[in-house]
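One file, query.pdb, is given below (PDB, C-alpha atoms, pLDDT in the B column).
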MODEL        1
ATOM      1  CA  MET A  21      88.539  94.636 101.803  1.00 44.00           C
ATOM      2  CA  VAL A  22      88.895  90.906 101.750  1.00 46.00           C
ATOM      3  CA  GLY A  23      91.799  89.114 103.375  1.00 50.00           C
ATOM      4  CA  VAL A  24      94.126  91.088 105.573  1.00 51.00           C
ATOM      5  CA  PRO A  25      97.755  90.089 105.007  1.00 54.00           C
ATOM      6  CA  GLU A  26      99.950  88.773 107.787  1.00 61.00           C
ATOM      7  CA  SER A  27     102.050  91.327 109.637  1.00 63.00           C
ATOM      8  CA  HIS A  28     105.565  91.918 108.369  1.00 67.00           C
ATOM      9  CA  THR A  29     108.856  93.147 109.756  1.00 76.00           C
ATOM     10  CA  GLY A  30     111.895  94.327 107.855  1.00 82.00           C
ATOM     11  CA  TRP A  31     112.188  96.276 104.643  1.00 86.00           C
ATOM     12  CA  THR A  32     109.837  96.069 101.672  1.00 85.00           C
ATOM     13  CA  PHE A  33     109.895  97.208  98.060  1.00 89.00           C
ATOM     14  CA  VAL A  34     106.736  99.313  98.248  1.00 90.00           C
ATOM     15  CA  THR A  35     106.224 102.453 100.351  1.00 92.00           C
ATOM     16  CA  ASN A  36     103.196 103.056 102.553  1.00 95.00           C
ATOM     17  CA  HIS A  37     102.174 105.902 100.241  1.00 96.00           C
ATOM     18  CA  ALA A  38     102.141 103.500  97.278  1.00 95.00           C
ATOM     19  CA  ARG A  39     100.181 100.912  99.269  1.00 95.00           C
ATOM     20  CA  VAL A  40      97.529 103.459 100.271  1.00 97.00           C
ATOM     21  CA  LEU A  41      97.279 104.764  96.707  1.00 97.00           C
ATOM     22  CA  ALA A  42      96.912 101.197  95.387  1.00 96.00           C
ATOM     23  CA  ALA A  43      94.151 100.458  97.920  1.00 96.00           C
ATOM     24  CA  ILE A  44      92.305 103.561  96.737  1.00 97.00           C
ATOM     25  CA  ALA A  45      92.861 102.649  93.077  1.00 96.00           C
ATOM     26  CA  ASP A  46      91.368  99.249  93.834  1.00 94.00           C
ATOM     27  CA  ASN A  47      88.263 100.826  95.423  1.00 95.00           C
ATOM     28  CA  PRO A  48      87.714 104.613  95.158  1.00 96.00           C
ATOM     29  CA  ASN A  49      85.082 104.460  97.931  1.00 96.00           C
ATOM     30  CA  VAL A  50      87.244 102.505 100.386  1.00 97.00           C
ATOM     31  CA  ARG A  51      87.062 103.558 104.033  1.00 96.00           C
ATOM     32  CA  ILE A  52      90.168 104.753 105.864  1.00 97.00           C
ATOM     33  CA  ARG A  53      89.586 101.978 108.383  1.00 97.00           C
ATOM     34  CA  ASP A  54      89.762  99.369 105.616  1.00 97.00           C
ATOM     35  CA  ILE A  55      92.879 100.910 104.064  1.00 97.00           C
ATOM     36  CA  ALA A  56      94.549 100.882 107.475  1.00 97.00           C
ATOM     37  CA  ALA A  57      93.713  97.222 108.045  1.00 95.00           C
ATOM     38  CA  HIS A  58      94.844  96.184 104.575  1.00 93.00           C
ATOM     39  CA  CYS A  59      98.106  98.174 104.695  1.00 93.00           C
ATOM     40  CA  ARG A  60      98.805  97.333 108.352  1.00 92.00           C
ATOM     41  CA  LEU A  61      98.868 101.008 109.298  1.00 95.00           C
ATOM     42  CA  THR A  62      97.005 103.093 111.841  1.00 96.00           C
ATOM     43  CA  GLU A  63      94.023 105.113 110.659  1.00 97.00           C
ATOM     44  CA  ARG A  64      95.919 108.252 111.641  1.00 98.00           C
ATOM     45  CA  ALA A  65      98.878 107.235 109.435  1.00 97.00           C
ATOM     46  CA  VAL A  66      96.508 106.612 106.509  1.00 98.00           C
ATOM     47  CA  GLN A  67      94.915 110.035 107.036  1.00 98.00           C
ATOM     48  CA  ARG A  68      98.377 111.662 106.933  1.00 98.00           C
ATOM     49  CA  ILE A  69      99.311 109.769 103.774  1.00 98.00           C
ATOM     50  CA  ILE A  70      96.047 110.737 102.072  1.00 98.00           C
ATOM     51  CA  SER A  71      96.685 114.342 103.089  1.00 98.00           C
ATOM     52  CA  ASP A  72     100.207 114.159 101.589  1.00 98.00           C
ATOM     53  CA  LEU A  73      98.858 112.691  98.351  1.00 98.00           C
ATOM     54  CA  GLU A  74      96.126 115.328  98.113  1.00 98.00           C
ATOM     55  CA  GLN A  75      98.488 118.186  98.937  1.00 97.00           C
ATOM     56  CA  ASP A  76     100.842 117.150  96.114  1.00 96.00           C
ATOM     57  CA  GLY A  77      98.015 116.643  93.610  1.00 96.00           C
ATOM     58  CA  TYR A  78      98.080 112.853  93.269  1.00 97.00           C
ATOM     59  CA  LEU A  79      94.660 112.430  94.825  1.00 97.00           C
ATOM     60  CA  SER A  80      91.459 114.355  95.463  1.00 97.00           C
ATOM     61  CA  HIS A  81      88.187 113.420  97.084  1.00 97.00           C
ATOM     62  CA  THR A  82      84.554 114.364  97.189  1.00 97.00           C
ATOM     63  CA  ARG A  83      82.304 113.704 100.137  1.00 95.00           C
ATOM     64  CA  ASP A  84      78.748 112.429  99.798  1.00 93.00           C
ATOM     65  CA  GLY A  85      77.231 112.097 103.249  1.00 93.00           C
ATOM     66  CA  ARG A  86      79.587 109.865 105.184  1.00 91.00           C
ATOM     67  CA  VAL A  87      81.289 108.411 102.107  1.00 94.00           C
ATOM     68  CA  ASN A  88      84.463 109.732 100.489  1.00 95.00           C
ATOM     69  CA  THR A  89      85.033 109.042  96.828  1.00 97.00           C
ATOM     70  CA  TYR A  90      88.673 109.396  95.855  1.00 98.00           C
ATOM     71  CA  ARG A  91      90.025 110.327  92.444  1.00 97.00           C
ATOM     72  CA  ILE A  92      93.593 109.564  91.473  1.00 97.00           C
ATOM     73  CA  GLU A  93      95.394 111.761  88.941  1.00 96.00           C
ATOM     74  CA  PRO A  94      96.826 109.000  86.709  1.00 95.00           C
ATOM     75  CA  ASP A  95      99.016 111.322  84.622  1.00 95.00           C
ATOM     76  CA  LYS A  96     100.764 112.931  87.596  1.00 95.00           C
ATOM     77  CA  VAL A  97     104.444 111.949  87.447  1.00 95.00           C
ATOM     78  CA  LEU A  98     106.237 110.220  90.295  1.00 93.00           C
ATOM     79  CA  ARG A  99     108.353 112.417  92.549  1.00 90.00           C
ATOM     80  CA  HIS A 100     111.754 110.713  92.659  1.00 90.00           C
ATOM     81  CA  PRO A 101     114.272 111.765  89.977  1.00 90.00           C
ATOM     82  CA  ALA A 102     114.973 108.100  89.156  1.00 90.00           C
ATOM     83  CA  GLU A 103     111.360 107.766  87.980  1.00 87.00           C
ATOM     84  CA  ALA A 104     111.285 111.110  86.167  1.00 84.00           C
ATOM     85  CA  GLY A 105     108.467 111.176  83.646  1.00 89.00           C
ATOM     86  CA  LEU A 106     106.848 107.948  84.860  1.00 93.00           C
ATOM     87  CA  PRO A 107     103.137 108.538  85.575  1.00 95.00           C
ATOM     88  CA  VAL A 108     101.451 107.233  88.703  1.00 94.00           C
ATOM     89  CA  ALA A 109      99.245 105.064  86.444  1.00 94.00           C
ATOM     90  CA  SER A 110     102.314 102.998  85.521  1.00 92.00           C
ATOM     91  CA  LEU A 111     103.057 102.292  89.169  1.00 92.00           C
ATOM     92  CA  LEU A 112      99.442 101.418  89.886  1.00 93.00           C
ATOM     93  CA  SER A 113      99.320  99.031  86.936  1.00 92.00           C
ATOM     94  CA  LEU A 114     101.898  96.952  88.802  1.00 90.00           C
ATOM     95  CA  LEU A 115     100.199  97.146  92.197  1.00 89.00           C
ATOM     96  CA  VAL A 116      96.506  96.809  91.411  1.00 87.00           C
ATOM     97  CA  GLN A 117      95.075  93.658  89.918  1.00 70.00           C
ATOM     98  CA  ASP A 118      92.944  94.376  86.854  1.00 59.00           C
ATOM     99  CA  GLU A 119      89.245  93.698  87.433  1.00 51.00           C
ATOM    100  CA  SER A 120      89.082  91.143  84.605  1.00 51.00           C
ATOM    101  CA  ASP A 121      92.056  89.278  86.113  1.00 56.00           C
ATOM    102  CA  ARG A 122      90.436  89.408  89.546  1.00 47.00           C
ATOM    103  CA  VAL A 123      87.326  87.622  88.261  1.00 48.00           C
ATOM    104  CA  ARG A 124      89.394  84.909  86.535  1.00 53.00           C
ATOM    105  CA  ASN A 125      92.070  84.552  89.245  1.00 55.00           C
ATOM    106  CA  PRO A 126      90.826  85.742  92.637  1.00 51.00           C
ATOM    107  CA  ILE A 127      93.500  86.491  95.231  1.00 48.00           C
ATOM    108  CA  THR A 128      93.509  83.952  98.034  1.00 49.00           C
ATOM    109  CA  ARG A 129      95.062  84.762 101.339  1.00 41.00           C
TER     110      ARG A 129
ENDMDL
END
Before anything else, please render the file you have as structure tokens.
Amino acid sequence: MVGVPESHTGWTFVTNHARVLAAIADNPNVRIRDIAAHCRLTERAVQRIISDLEQDGYLSHTRDGRVNTYRIEPDKVLRHPAEAGLPVASLLSLLVQDESDRVRNPITR
């Protein structure tokens, strides 16, 4: 992944689970090491988050040699009652830059 953000302290609007899911949505073949660097988490924390997401049906993966390919279930609804009925795809549409936008307006860090 290009451009690792600066470290941050204090509260944020987005959870680590959402950040990891967005990183995977951005690149389904992303390595855990790259997710960890991008999200400013340990690899172990990313592994736990991926396990949580898989256990609850938001994510699955297939392994081809040493490469994992992740698949997000876009119609799975978010867990919190305040977002009842809102699919994970809606959240990801806010967090992941569309490929056509990325070509026109690359993110600079």
(request) Run the PyMOL selection byres ((chain A and resi 72-82) around 10) against the file shown and list the residues it catches, as JSON, numbers by chain. (result) {"A": [37, 38, 40, 41, 44, 48, 49, 66, 67, 68, 69, 70, 71, 83, 84, 85, 87, 88, 89, 90, 91, 92, 93, 94, 95, 96, 97, 98, 99, 108]}
(request) Would you mind reading off the distance between atom CA of Asn36 of chain A and atom CA of Ser110 of chain A, one decimal, in Å? (result) 17.1 Å
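Minimum distance to Ser113 of chain A across A:Cys59, A:Arg86, A:Ala45, A:His100 (counting all atoms listed in the file) occurs at A:Ala45.
Among A:Arg60, A:Ala102, A:Val116, A:Val50, the residue with the shortest atom-to-atom distance to Thr29 of chain A, counting all atoms listed in the file, is A:Arg60.
Between atom CA of Thr32 of chain A and atom CA of Leu61 of chain A lies a distance of 14.2 Å.
Atom CA of Ala57 of chain A lies 19.0 Å from atom CA of Phe33 of chain A.
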